[in-house]
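Shown next: my_file.pdb, given as PDB, C-alpha atoms.
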```
ATOM      1  CA  MET A   1      -3.436  46.250  31.874
ATOM      2  CA  ASN A   2      -0.742  47.379  29.427
ATOM      3  CA  ARG A   3      -3.202  49.667  27.656
ATOM      4  CA  SER A   4      -4.081  51.333  30.956
ATOM      5  CA  ILE A   5      -0.404  51.976  31.701
ATOM      6  CA  ILE A   6       0.184  53.258  28.156
ATOM      7  CA  LEU A   7      -2.793  55.613  28.479
ATOM      8  CA  PHE A   8      -1.492  56.772  31.867
ATOM      9  CA  VAL A   9       1.893  57.633  30.339
ATOM     10  CA  LEU A  10       0.236  59.438  27.410
ATOM     11  CA  VAL A  11      -2.090  61.452  29.656
ATOM     12  CA  LEU A  12       0.859  62.270  31.926
ATOM     13  CA  GLY A  13       2.861  63.565  28.954
ATOM     14  CA  THR A  14      -0.044  65.676  27.726
ATOM     15  CA  LEU A  15      -0.662  67.007  31.221
ATOM     16  CA  MET A  16       3.001  67.918  31.821
ATOM     17  CA  ALA A  17       3.309  69.665  28.457
ATOM     18  CA  ALA A  18       0.159  71.648  29.257
ATOM     19  CA  VAL A  19       1.319  72.490  32.791
ATOM     20  CA  ASP A  20       4.480  74.088  31.462
ATOM     21  CA  SER A  21       2.594  76.182  28.919
ATOM     22  CA  THR A  22       1.082  78.145  31.835
ATOM     23  CA  VAL A  23       3.229  77.409  34.907
ATOM     24  CA  VAL A  24       5.477  80.436  34.283
ATOM     25  CA  LEU A  25       2.575  82.914  34.262
ATOM     26  CA  LEU A  26       2.306  83.447  38.018
ATOM     27  CA  ALA A  27       6.064  83.188  38.500
ATOM     28  CA  LEU A  28       6.917  85.737  35.786
ATOM     29  CA  PRO A  29       7.133  88.862  38.026
ATOM     30  CA  THR A  30       9.279  86.935  40.530
ATOM     31  CA  ILE A  31      11.552  85.595  37.774
ATOM     32  CA  THR A  32      11.932  89.115  36.363
ATOM     33  CA  THR A  33      13.047  90.445  39.744
ATOM     34  CA  ASP A  34      15.230  87.486  40.756
ATOM     35  CA  LEU A  35      17.150  87.334  37.476
ATOM     36  CA  ARG A  36      17.404  91.134  37.331
ATOM     37  CA  THR A  37      15.952  91.443  33.865
ATOM     38  CA  ASN A  38      13.076  93.353  32.273
ATOM     39  CA  LEU A  39       9.624  92.170  31.266
ATOM     40  CA  ASP A  40      10.522  92.422  27.554
ATOM     41  CA  LEU A  41      12.984  89.548  27.940
ATOM     42  CA  ALA A  42      11.255  87.650  30.750
ATOM     43  CA  ILE A  43       8.048  87.304  28.744
ATOM     44  CA  TRP A  44       9.990  85.188  26.240
ATOM     45  CA  THR A  45      10.052  82.393  28.808
ATOM     46  CA  ILE A  46       6.371  82.014  27.874
ATOM     47  CA  LEU A  47       6.510  82.996  24.206
ATOM     48  CA  ILE A  48       9.422  80.730  23.215
ATOM     49  CA  TYR A  49       7.648  77.691  24.660
ATOM     50  CA  LEU A  50       4.424  78.359  22.741
ATOM     51  CA  LEU A  51       6.318  79.282  19.572
ATOM     52  CA  VAL A  52       8.432  76.127  19.485
ATOM     53  CA  VAL A  53       5.445  73.882  20.200
ATOM     54  CA  ALA A  54       3.336  75.591  17.512
ATOM     55  CA  VAL A  55       5.983  75.081  14.831
ATOM     56  CA  MET A  56       7.688  71.804  15.736
ATOM     57  CA  THR A  57       4.546  69.710  16.221
ATOM     58  CA  THR A  58       3.902  70.124  12.483
ATOM     59  CA  GLN A  59       6.872  67.880  11.607
ATOM     60  CA  LEU A  60       7.707  65.781  14.659
ATOM     61  CA  GLY A  61       4.651  63.612  14.071
ATOM     62  CA  ARG A  62       5.968  62.740  10.621
ATOM     63  CA  ILE A  63       9.397  62.054  12.034
ATOM     64  CA  GLY A  64       7.657  59.701  14.461
ATOM     65  CA  ASP A  65       6.138  57.870  11.470
ATOM     66  CA  ILE A  66       9.650  57.455  10.043
ATOM     67  CA  LEU A  67      11.673  56.597  13.156
ATOM     68  CA  GLY A  68       8.996  55.118  15.404
ATOM     69  CA  ARG A  69       6.307  56.912  17.371
ATOM     70  CA  SER A  70       7.068  55.353  20.746
ATOM     71  CA  ARG A  71      10.762  56.087  20.328
ATOM     72  CA  MET A  72      10.019  59.736  19.582
ATOM     73  CA  TYR A  73       7.553  59.952  22.475
ATOM     74  CA  ASN A  74       9.942  58.487  25.043
ATOM     75  CA  LEU A  75      12.820  60.595  23.719
ATOM     76  CA  GLY A  76      10.557  63.631  23.965
ATOM     77  CA  PHE A  77       9.899  62.915  27.642
ATOM     78  CA  ALA A  78      13.654  62.628  28.232
ATOM     79  CA  ILE A  79      14.359  65.963  26.489
ATOM     80  CA  PHE A  80      11.474  67.611  28.342
ATOM     81  CA  THR A  81      12.806  66.352  31.686
ATOM     82  CA  VAL A  82      16.386  67.451  31.005
ATOM     83  CA  GLY A  83      15.136  70.814  29.744
ATOM     84  CA  SER A  84      13.106  71.258  32.934
ATOM     85  CA  ALA A  85      16.164  70.607  35.111
ATOM     86  CA  LEU A  86      18.215  73.087  33.070
ATOM     87  CA  CYS A  87      15.472  75.719  33.381
ATOM     88  CA  GLY A  88      15.633  75.400  37.157
ATOM     89  CA  LEU A  89      19.421  75.838  37.086
ATOM     90  CA  SER A  90      19.346  78.889  34.789
ATOM     91  CA  PRO A  91      21.668  81.664  36.066
ATOM     92  CA  THR A  92      20.299  84.354  33.719
ATOM     93  CA  ALA A  93      17.122  85.209  31.857
ATOM     94  CA  ASP A  94      18.821  84.525  28.505
ATOM     95  CA  THR A  95      19.772  80.974  29.474
ATOM     96  CA  LEU A  96      16.278  80.408  30.877
ATOM     97  CA  VAL A  97      14.749  81.329  27.506
ATOM     98  CA  VAL A  98      17.152  78.948  25.707
ATOM     99  CA  PHE A  99      16.390  76.065  28.090
ATOM    100  CA  ARG A 100      12.659  76.743  27.782
ATOM    101  CA  ALA A 101      13.089  76.181  24.043
ATOM    102  CA  VAL A 102      14.746  72.821  24.810
ATOM    103  CA  GLN A 103      11.876  71.937  27.133
ATOM    104  CA  ALA A 104       9.345  72.961  24.467
ATOM    105  CA  PHE A 105      11.058  70.779  21.854
ATOM    106  CA  GLY A 106      10.542  67.773  24.120
ATOM    107  CA  ALA A 107       6.917  68.794  24.724
ATOM    108  CA  SER A 108       6.417  69.010  20.934
ATOM    109  CA  MET A 109       7.598  65.413  20.558
ATOM    110  CA  LEU A 110       5.081  64.355  23.205
ATOM    111  CA  GLN A 111       2.152  66.210  21.652
ATOM    112  CA  ALA A 112       2.928  65.273  18.062
ATOM    113  CA  ASN A 113       3.039  61.515  18.706
ATOM    114  CA  SER A 114       0.608  60.827  21.559
ATOM    115  CA  GLY A 115      -2.497  60.844  19.351
ATOM    116  CA  ALA A 116      -0.993  58.435  16.825
ATOM    117  CA  ILE A 117       0.100  56.066  19.624
ATOM    118  CA  ILE A 118      -3.506  55.985  20.867
ATOM    119  CA  ALA A 119      -4.717  55.122  17.358
ATOM    120  CA  ASP A 120      -2.111  52.340  17.145
ATOM    121  CA  THR A 121      -2.808  50.922  20.607
ATOM    122  CA  PHE A 122      -6.569  51.098  21.076
ATOM    123  CA  PRO A 123      -9.308  49.528  18.933
ATOM    124  CA  PRO A 124     -11.777  51.932  17.266
ATOM    125  CA  ASN A 125     -14.481  51.437  19.932
ATOM    126  CA  GLN A 126     -12.059  52.551  22.699
ATOM    127  CA  ARG A 127     -10.227  55.408  21.000
ATOM    128  CA  GLY A 128     -12.839  58.043  21.785
ATOM    129  CA  ARG A 129     -12.488  57.440  25.508
ATOM    130  CA  ALA A 130      -8.678  57.439  25.255
ATOM    131  CA  TYR A 131      -8.655  60.738  23.347
ATOM    132  CA  GLY A 132     -11.089  62.112  25.913
ATOM    133  CA  TYR A 133      -8.645  61.351  28.717
ATOM    134  CA  THR A 134      -5.800  63.127  26.913
ATOM    135  CA  SER A 135      -8.072  66.129  26.308
ATOM    136  CA  ILE A 136      -8.887  66.227  30.018
ATOM    137  CA  GLY A 137      -5.148  65.959  30.711
ATOM    138  CA  TRP A 138      -4.459  69.037  28.591
ATOM    139  CA  ASN A 139      -7.209  71.188  30.129
ATOM    140  CA  VAL A 140      -6.418  70.095  33.686
ATOM    141  CA  GLY A 141      -2.704  70.632  33.073
ATOM    142  CA  ALA A 142      -3.140  74.153  31.705
ATOM    143  CA  THR A 143      -5.229  75.145  34.727
ATOM    144  CA  LEU A 144      -3.086  73.214  37.210
ATOM    145  CA  GLY A 145       0.026  74.958  35.865
ATOM    146  CA  ILE A 146      -1.257  78.325  37.058
ATOM    147  CA  VAL A 147      -2.093  77.033  40.537
ATOM    148  CA  VAL A 148       1.118  75.016  40.931
ATOM    149  CA  GLY A 149       3.197  77.923  39.660
ATOM    150  CA  GLY A 150       1.750  80.274  42.264
ATOM    151  CA  ILE A 151       2.064  77.835  45.172
ATOM    152  CA  LEU A 152       5.632  76.717  44.431
ATOM    153  CA  THR A 153       6.845  80.255  43.695
ATOM    154  CA  THR A 154       5.413  81.515  46.978
ATOM    155  CA  LEU A 155       6.500  78.625  49.221
ATOM    156  CA  VAL A 156       9.828  77.359  47.847
ATOM    157  CA  GLY A 157      10.846  79.562  44.914
ATOM    158  CA  TRP A 158      10.248  79.810  41.167
ATOM    159  CA  ARG A 159      12.961  77.309  40.233
ATOM    160  CA  TYR A 160      10.868  74.484  41.685
ATOM    161  CA  ILE A 161       8.164  74.981  39.066
ATOM    162  CA  PHE A 162      10.699  73.300  36.778
ATOM    163  CA  TYR A 163      12.370  70.929  39.255
ATOM    164  CA  ILE A 164       9.020  69.282  40.008
ATOM    165  CA  ASN A 165       8.986  67.904  36.442
ATOM    166  CA  VAL A 166      12.181  65.907  36.954
ATOM    167  CA  PRO A 167      10.966  63.063  39.228
ATOM    168  CA  ILE A 168       7.679  62.842  37.299
ATOM    169  CA  GLY A 169       9.600  62.702  34.026
ATOM    170  CA  ILE A 170      11.912  59.948  35.257
ATOM    171  CA  VAL A 171       8.954  57.762  36.272
ATOM    172  CA  ALA A 172       7.213  58.410  32.936
ATOM    173  CA  ILE A 173      10.374  57.568  30.961
ATOM    174  CA  LEU A 174      10.822  54.250  32.810
ATOM    175  CA  LEU A 175       7.176  53.301  32.233
ATOM    176  CA  GLY A 176       7.279  54.494  28.621
ATOM    177  CA  VAL A 177      10.385  52.520  27.700
ATOM    178  CA  LYS A 178       8.874  49.385  29.227
ATOM    179  CA  TYR A 179       5.299  49.616  27.977
ATOM    180  CA  VAL A 180       4.956  52.137  25.108
ATOM    181  CA  LYS A 181       6.021  50.162  22.034
ATOM    182  CA  ASP A 182       5.481  50.587  18.298
ATOM    183  CA  VAL A 183       2.816  48.231  16.971
ATOM    184  CA  GLN A 184       2.621  49.674  13.457
ATOM    185  CA  GLU A 185       5.277  49.466  10.771
ATOM    186  CA  ARG A 186       7.256  52.621  10.203
ATOM    187  CA  ARG A 187       6.146  54.618   7.212
ATOM    188  CA  LYS A 188       8.048  56.517   4.600
ATOM    189  CA  GLN A 189       7.233  60.194   4.936
ATOM    190  CA  LYS A 190       8.636  63.341   3.395
ATOM    191  CA  LEU A 191       9.202  66.410   5.522
ATOM    192  CA  ASP A 192       8.141  69.908   4.515
ATOM    193  CA  ILE A 193      11.233  71.776   5.669
ATOM    194  CA  PRO A 194      10.630  74.953   3.593
ATOM    195  CA  GLY A 195       7.087  75.239   4.946
ATOM    196  CA  MET A 196       8.274  74.772   8.524
ATOM    197  CA  VAL A 197      11.054  77.365   8.122
ATOM    198  CA  LEU A 198       8.635  79.900   6.635
ATOM    199  CA  LEU A 199       6.149  79.284   9.458
ATOM    200  CA  LEU A 200       8.866  79.634  12.105
ATOM    201  CA  ALA A 201      10.283  82.807  10.558
ATOM    202  CA  GLY A 202       6.859  84.394  10.119
ATOM    203  CA  LEU A 203       5.580  83.616  13.613
ATOM    204  CA  SER A 204       8.926  84.625  15.181
ATOM    205  CA  ALA A 205       8.918  87.999  13.429
ATOM    206  CA  ILE A 206       5.309  88.711  14.409
ATOM    207  CA  THR A 207       5.856  87.585  18.015
ATOM    208  CA  TYR A 208       9.081  89.545  18.482
ATOM    209  CA  GLY A 209       7.604  92.636  16.856
ATOM    210  CA  ALA A 210       4.464  92.474  18.997
ATOM    211  CA  SER A 211       6.383  91.956  22.258
ATOM    212  CA  ASP A 212       8.744  94.823  21.385
ATOM    213  CA  MET A 213       5.731  97.018  20.619
ATOM    214  CA  ALA A 214       4.213  96.166  24.009
ATOM    215  CA  GLY A 215       7.415  97.203  25.787
ATOM    216  CA  ARG A 216       8.509 100.226  23.762
ATOM    217  CA  GLY A 217       5.484 101.413  21.853
ATOM    218  CA  ILE A 218       4.935 101.431  18.095
ATOM    219  CA  ASP A 219       7.963 102.354  15.991
ATOM    220  CA  LEU A 220       9.390 101.604  12.559
ATOM    221  CA  PHE A 221      11.374  98.585  13.769
ATOM    222  CA  ASN A 222       8.619  96.567  15.382
ATOM    223  CA  GLY A 223       6.046  97.653  12.809
ATOM    224  CA  SER A 224       8.339  96.438  10.023
ATOM    225  CA  LEU A 225       8.919  93.146  11.829
ATOM    226  CA  ILE A 226       5.198  92.465  12.107
ATOM    227  CA  GLY A 227       4.753  93.379   8.433
ATOM    228  CA  VAL A 228       7.584  91.063   7.358
ATOM    229  CA  GLY A 229       6.126  88.280   9.497
ATOM    230  CA  ALA A 230       2.710  88.678   7.892
ATOM    231  CA  ILE A 231       4.290  88.536   4.413
ATOM    232  CA  LEU A 232       6.209  85.375   5.345
ATOM    233  CA  ILE A 233       3.011  83.723   6.574
ATOM    234  CA  ALA A 234       1.295  84.657   3.291
ATOM    235  CA  VAL A 235       4.234  83.193   1.337
ATOM    236  CA  MET A 236       4.051  80.039   3.453
ATOM    237  CA  LEU A 237       0.336  79.613   2.723
ATOM    238  CA  ALA A 238       0.935  80.107  -1.008
ATOM    239  CA  TYR A 239       3.753  77.547  -0.904
ATOM    240  CA  GLU A 240       1.603  75.061   1.015
ATOM    241  CA  ARG A 241      -0.964  75.036  -1.801
ATOM    242  CA  ARG A 242       1.633  73.521  -4.123
ATOM    243  CA  ALA A 243       3.777  71.525  -1.697
ATOM    244  CA  GLU A 244       3.805  67.755  -2.148
ATOM    245  CA  ASN A 245       3.662  67.068   1.600
ATOM    246  CA  PRO A 246       2.410  70.321   3.173
ATOM    247  CA  ILE A 247       2.628  70.910   6.928
ATOM    248  CA  ILE A 248      -0.887  72.349   6.640
ATOM    249  CA  ASP A 249      -3.270  70.697   4.171
ATOM    250  CA  LEU A 250      -5.302  73.741   3.187
ATOM    251  CA  LYS A 251      -7.848  71.564   1.360
ATOM    252  CA  ALA A 252      -8.959  70.229   4.730
ATOM    253  CA  PHE A 253     -10.378  73.666   5.543
ATOM    254  CA  GLN A 254     -13.026  73.121   2.894
ATOM    255  CA  ASN A 255     -14.754  71.122   5.615
ATOM    256  CA  ARG A 256     -16.773  73.816   7.395
ATOM    257  CA  VAL A 257     -17.126  71.826  10.626
ATOM    258  CA  LEU A 258     -13.348  71.478  10.873
ATOM    259  CA  SER A 259     -12.737  75.118   9.940
ATOM    260  CA  PHE A 260     -15.182  76.542  12.486
ATOM    261  CA  SER A 261     -13.974  74.119  15.173
ATOM    262  CA  ILE A 262     -10.373  75.255  14.717
ATOM    263  CA  LEU A 263     -11.449  78.907  14.665
ATOM    264  CA  ALA A 264     -13.408  78.428  17.895
ATOM    265  CA  SER A 265     -10.416  76.706  19.490
ATOM    266  CA  PHE A 266      -8.170  79.589  18.395
ATOM    267  CA  PHE A 267     -10.426  82.217  19.979
ATOM    268  CA  GLN A 268     -10.840  80.142  23.152
ATOM    269  CA  SER A 269      -7.064  79.728  23.547
ATOM    270  CA  THR A 270      -6.370  83.388  22.758
ATOM    271  CA  GLY A 271      -8.974  84.620  25.220
ATOM    272  CA  TYR A 272      -7.896  82.207  27.946
ATOM    273  CA  LEU A 273      -4.170  82.974  27.849
ATOM    274  CA  SER A 274      -4.449  86.714  27.254
ATOM    275  CA  VAL A 275      -6.985  87.335  30.023
ATOM    276  CA  VAL A 276      -5.045  85.212  32.517
ATOM    277  CA  PHE A 277      -1.807  87.034  31.648
ATOM    278  CA  VAL A 278      -3.322  90.518  32.012
ATOM    279  CA  ILE A 279      -5.022  89.635  35.321
ATOM    280  CA  ILE A 280      -1.787  88.193  36.748
ATOM    281  CA  MET A 281       0.233  91.266  35.711
ATOM    282  CA  TYR A 282      -2.421  93.514  37.285
ATOM    283  CA  LEU A 283      -2.725  91.628  40.575
ATOM    284  CA  GLN A 284       1.019  91.176  41.116
ATOM    285  CA  GLY A 285       2.384  94.258  39.365
ATOM    286  CA  ILE A 286      -0.139  96.974  40.236
ATOM    287  CA  ARG A 287      -1.905  95.565  43.319
ATOM    288  CA  GLY A 288       1.331  94.090  44.712
ATOM    289  CA  LEU A 289      -0.134  90.713  45.666
ATOM    290  CA  SER A 290       2.078  87.632  46.107
ATOM    291  CA  PRO A 291       1.960  84.766  43.575
TER
END
```
Transcribe the structure of this file into structure tokens.
Amino acid sequence: MNRSIILFVLVLGTLMAAVDSTVVLLALPTITTDLRTNLDLAIWTILIYLLVVAVMTTQLGRIGDILGRSRMYNLGFAIFTVGSALCGLSPTADTLVVFRAVQAFGASMLQANSGAIIADTFPPNQRGRAYGYTSIGWNVGATLGIVVGGILTTLVGWRYIFYINVPIGIVAILLGVKYVKDVQERRKQKLDIPGMVLLLAGLSAITYGASDMAGRGIDLFNGSLIGVGAILIAVMLAYERRAENPIIDLKAFQNRVLSFSILASFFQSTGYLSVVFVIIMYLQGIRGLSP
């Protein structure tokens, strides 16, 4: 029974983190108008979430090994819930972007530790099914986020795409504190802070440069930013080859199955998000349809 409840909490965390990676998409034009901002800034409500999750999950799993995976998971749900409430209360686009970063930090704690908790909780012959449920949770959540975002924005307002997380988060926190416990001893791990900083700086420069290019066209500023970001990523990869505890173990990519699987996942994610974004901007912006 306890394992079923633990799996429910883990799937719920995965689903909620996935929902909020896409829930803003349909609400973005409405948010832009309501907060009286421009698309250049409003789009960061999406980008900051993906950026923080991409970078922070590389280290928060290790921190979970040090401090306790269940503790990090439950704390992540609390931060995610508080961040969601703050997003709904945001008076300006700038504060919304900041609170989305807070929300994403909590989501990173959920994603980075859920897989390890499954490995700790379930015997080998049951782990495949448990991981399958969390995978379903992610895919359902990413799709559900688009639908929920459109419905809530149309019927009650965009702020409720964040408020809806609060009661769900409270229930998940109560269940998590009661049932999700550490069963493995904490491990001594070393963090790769330089690698994480280089990854964050590189991705941030590329993302900011690309979004500025989309809004203003190609110029020296955004072109330089993208170039600097690419150099930082190259430096990070060179550093990771020699790091004692790298955030990315480049030797793992010698496994062709792993390499091609990750590449396929990258193209699938890129195609999914980019096509959905362009279609939503076309239907709401040019065709004038409601969310």
As a PyMOL selection string, please: the residues near segment 31-40 of chain A (cut-off 7 Å, all atoms listed in the file, same-chain neighbours under 5 positions excluded). chain A and resi 92-93+158+211-212+215
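Interatomic distance, atom CA of Ala243 of chain A against atom CA of Leu60 of chain A: 17.8 Å.
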Got a sec: who's within 7 Å of Ser84 of chain A, counting all atoms listed in the file, leaving out chain neighbours fewer than 5 positions off, as a PDB file with C-alpha atoms, in the coordinates of the input?
```pdb
ATOM      1  CA  GLN A 103      11.876  71.937  27.133  1.00  0.00           C
ATOM      2  CA  PHE A 162      10.699  73.300  36.778  1.00  0.00           C
ATOM      3  CA  TYR A 163      12.370  70.929  39.255  1.00  0.00           C
ATOM      4  CA  ASN A 165       8.986  67.904  36.442  1.00  0.00           C
ATOM      5  CA  VAL A 166      12.181  65.907  36.954  1.00  0.00           C
TER       6      VAL A 166
END
```
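Within 10 Å of the point (9.7, 65.6, 13.9), and counting all atoms listed in the file, the protein, DNA and RNA residues are Met56, Thr57, Thr58, Gln59, Leu60, Gly61, Arg62, Ile63, Gly64, Asp65, Ile66, Leu67, Arg69, Met72, Phe105, Ser108, Met109, Ala112, Asn113 and Leu191 of chain A.
Comparing the minimum interatomic distances between Ser204 of chain A and each of A:Ala238, A:Ala230, A:Val24, A:Leu220, counting only C-alpha atoms, we find that A:Ala230 sits nearest.
Taking atom CA of Val52 of chain A and atom CA of Arg242 of chain A as endpoints, the distance between them is 24.7 Å.
Taking atom CA of Gly217 of chain A and atom CA of Leu50 of chain A as the two end points, the separation is 23.1 Å.
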Could you write out as a PyMOL selection string the residues that the PyMOL selection byres ((chain A and resi 221) around 12) matches in the shown file? chain A and resi 205-206+208-213+216-220+222-228
Who sits within 9 Å of segment 118-129 of chain A, only C-alpha atoms, same chain under 5 positions skipped, as a PyMOL selection string: chain A and resi 3+6-7+10+113+134+181-184
Once 4 Å is added on each side, what centre and edge lengths in Å to one decimal does the axis-aligned box around all listed atoms of segment 282-291 of chain A have, as AutoDock Vina command-line options?
```
--center_x -0.2 --center_y 90.9 --center_z 41.7 --size_x 13.1 --size_y 20.2 --size_z 16.8
```
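Counting all atoms listed in the file and comparing A:Gln189, A:Ser261, A:Asn139, A:Thr81, the residue that lies closest to Ile168 of chain A is A:Thr81.
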If the PyMOL selection byres ((chain A and resi 96-102) around 10) is run on the structure shown, which residues does it catch, given as an NGL selection string? :A and (20 or 31 or 35 or 41-53 or 79-95 or 103-108 or 162)
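Among the candidates A:Arg287, A:Gly195, A:Gln268, A:Ala172, the residue lying nearest to Arg241 of chain A is A:Gly195 (atoms considered: all atoms listed in the file).
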For Ile173 of chain A, work out the shell of residues within 8 Å, counting all atoms listed in the file and skipping chain neighbours fewer than 2 positions away, then give it as a tab-separated table (two decimals) with C-alpha atoms, keeping the file's coordinate frame.
```
chain	number	residue	atom	x	y	z
A	74	ASN	CA	9.94	58.49	25.04
A	77	PHE	CA	9.90	62.92	27.64
A	78	ALA	CA	13.65	62.63	28.23
A	169	GLY	CA	9.60	62.70	34.03
A	170	ILE	CA	11.91	59.95	35.26
A	171	VAL	CA	8.95	57.76	36.27
A	175	LEU	CA	7.18	53.30	32.23
A	176	GLY	CA	7.28	54.49	28.62
A	177	VAL	CA	10.38	52.52	27.70
```
